[in-house]
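Data first, discussion second: the structure below is written as structure tokens.
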Amino acid sequence: MAYVFDLGNPATNADPFPEFARLRAEDPVHWSPAMKAWIITRHADVKQVALNNRQISADRLTPFFKANPEYQRGGIESLVRYLNHWMVFRDPPDHTRLRRLFTKAFTPTAVENLRPNIEGIVAHLIDGMQAKAKRGEGVDFIADFAYPLPASVIMDLLGVPRADLEQVKVWSDDIALFIGTAQVAGNKYLRAEAGARAMAGYFRGLVEARTAAPTADMISQLVLARDDRDALTTDEIIGTCILLLFAGHETTTNLIGNGFLYSMRHRGQWERLIADPQLADSAVEEYLRYDGPSGALARVAAADIAMGGKTIREGQRVFAFMNSANRDPEAFDAPERFDIGRPANPHLTFGHGIHFCLGAPLARLEARIAAVRLAERLPGIRLEDHGELEWHDSLILRGVKHLPVLL
């Protein structure tokens with residue numbers, strides 16, 4: 001029987017790395033009938049997919065929507081309307097225009113100015129975990145720390161009230177069903193549509209309020225955004241707000257959660273961080289490499305492409321797995337070793353080329369502050385044994401749903 005890679009298999013989803021190693025060695029450009037897509041696993045090839053924006057398109061929504069029965073019935077109108085404005089799904093020149101308008105919000109200076117707020121949120125969340133533990137309540141590292149930290153940061157940045165955090169999470173979870181879910185849930189597209197419609201309505205109200213009375217937040221900046229050629233439409237602002245809120249917390253939650261998980265599993269590395277907080281920078285890079293928060297780049301071939309002795313045909317889907325590339329022995333020494341002091345770390349977790357993650361500086365800053373303060377204030381924290389972890393069912397978003405801990 002021919003080998004078939006299928007991340008929809010729960011066992012593979014929980015630990016895909018043995019499968020990645022096999023594919024890198026035996027079939028690095030692999031056609032998966034189960035996923036109806038090409039699976040790219042070697043570092044050099046994944047990097048090529050990320051860089052090739054002429055023959056490989058980031059716009060995988062248009063062909064998907066056209067082939068989707070719910071689209072044909074008009075059932076996912078909001079998903080189509082707003083996600084099509086996400087710059088991660090756009091090719092030049094649309095991508096170039098949108099990215100130019102948002103880049104200044106994530107300059108090193110702009111991100112560094114957020115440090116005091118991030119420090120305050122981290123301190124508040126650690127206080128909250130300690131208070132729960134003192135009351136004898138269970139502490140879930142994801143729900144009590146890794147999720148609310150980046151969610152609060154991005155909400156403050158946009159100007160979204162933190163009081164709306166729980167409602168925003170419901171909408172975001174619904175949209176996440178559409179972004180790379182491996183399993184086929186009967187109503188996932190309709191739930192994602194409902195989440196997108198609700199979040200769009202929410203942001204439309206905020207955009208209207210900021211248009212009438214701008215404040216010192218990013219939504220106001222987007223409303224006022226101008227350059228020599230372009231201004232943003234209301235739908236572009238709303239779509240971008242949904243993207244920033246969704247991507248700004250989903251991936252960073254998984255970065256912090258996964259990094260913490262492997263630090264606990266490799267206790268000696270945690271002790272190294274406690275002894276030397278200066279290792280936080282390289283520790284975060286290792287968190288990003290070892291089991292990063294973004295599992296794969298999803299693309300569509302815009303032309304026939306030769307790769308690895310195979311021909312990827314125009315219109316076929318491509319999943320370039322960064323989490324496989326990041327353990328390629330051709331690119332890393334001892335790639336299976338978790339080493340927070342790794343000196344050379346050319347991981348591809350944030351992508352490469354024109355689609356390199358715009359929020360990378362912010363994600364890194366949040367994760368570094370979190371690592372230092374957790375090691376400083378909760379050095380004895382450890383995982384509570386609750387059996388097998390439950391990983392998100394996603395090709396794109398890589399992280400655990402819950403992580404019970406003891407302080």
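Residues in the structure tokens are named by chain (A, B, ... in the order shown) and by number from 1 within that chain; ligands are numbered from 1 in the order shown.
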
> What lies within 9 Å of Ala143 of chain A using only C-alpha atoms, ignoring chain neighbours under 5 positions off, as a PyMOL selection string?
Replying inline: chain A and resi 148+401-403

>> Could you go through segment 30-211 of chain A and tell me which residues DSSP, when run on the backbone, assigns to strand (DSSP E), listing them as number ranges by chain?
In response: A: 30-32, 37-40, 56-57, 139-140

>> At a cut-off of 12 Å, using only C-alpha atoms, what residues contact Phe356 of chain A? Leave out same-chain residues fewer than 2 positions from it and give the result as an NGL selection string.
In response: :A and (47 or 50-51 or 87-88 or 95 or 99 or 103 or 297 or 348-354 or 358-361)

For C-alpha atoms, I'd like the residues from the last selection saved as a PDB file, in the first residue's frame.
ATOM      1  CA  LYS A  47      11.836  28.386   1.834  1.00  0.00           C
ATOM      2  CA  ALA A  50       7.664  31.059   0.755  1.00  0.00           C
ATOM      3  CA  LEU A  51       9.822  33.121  -1.611  1.00  0.00           C
ATOM      4  CA  MET A  87      -3.137  40.525   3.285  1.00  0.00           C
ATOM      5  CA  VAL A  88      -1.952  36.972   4.021  1.00  0.00           C
ATOM      6  CA  HIS A  95      -0.520  42.677  -0.856  1.00  0.00           C
ATOM      7  CA  ARG A  99       1.291  45.830   3.850  1.00  0.00           C
ATOM      8  CA  THR A 103       4.002  48.356   8.435  1.00  0.00           C
ATOM      9  CA  LEU A 297       2.128  27.780   4.717  1.00  0.00           C
ATOM     10  CA  LEU A 348      11.063  29.538   8.935  1.00  0.00           C
ATOM     11  CA  THR A 349       8.212  29.876  11.429  1.00  0.00           C
ATOM     12  CA  PHE A 350       7.442  33.484  10.516  1.00  0.00           C
ATOM     13  CA  GLY A 351       7.696  32.707   6.806  1.00  0.00           C
ATOM     14  CA  HIS A 352      10.117  34.287   4.389  1.00  0.00           C
ATOM     15  CA  GLY A 353      10.047  36.950   1.711  1.00  0.00           C
ATOM     16  CA  ILE A 354       7.173  39.370   1.149  1.00  0.00           C
ATOM     17  CA  LEU A 358       4.262  41.514  10.088  1.00  0.00           C
ATOM     18  CA  GLY A 359       3.615  40.864  13.774  1.00  0.00           C
ATOM     19  CA  ALA A 360       6.838  38.917  14.401  1.00  0.00           C
ATOM     20  CA  PRO A 361       8.485  41.674  16.516  1.00  0.00           C
TER      21      PRO A 361
END

>> Using only C-alpha atoms for the distances, tell me which of A:Asp156, A:Asp291, A:Asp127, A:Glu330 is nearest to Gly259 of chain A.
In response: A:Asp291

>> Using only C-alpha atoms, which protein or nucleic acid residues come within 9 Å of segment 200-213 of chain A? Drop anything in the same chain fewer than 3 positions from it, and give the result as a ChimeraX atom specification.
In response: /A:78,82,159-160,195-197,219-220,222-224,234-235,237-239,241-242

>> With DSSP run on the backbone, what are the helix (DSSP H, G or I) residues within segment 76-201 of chain A? I'd like them as a ChimeraX atom specification.
In response: /A:77-83,87-89,94-106,108-112,115-134,141-146,148-158,162-176,188-201
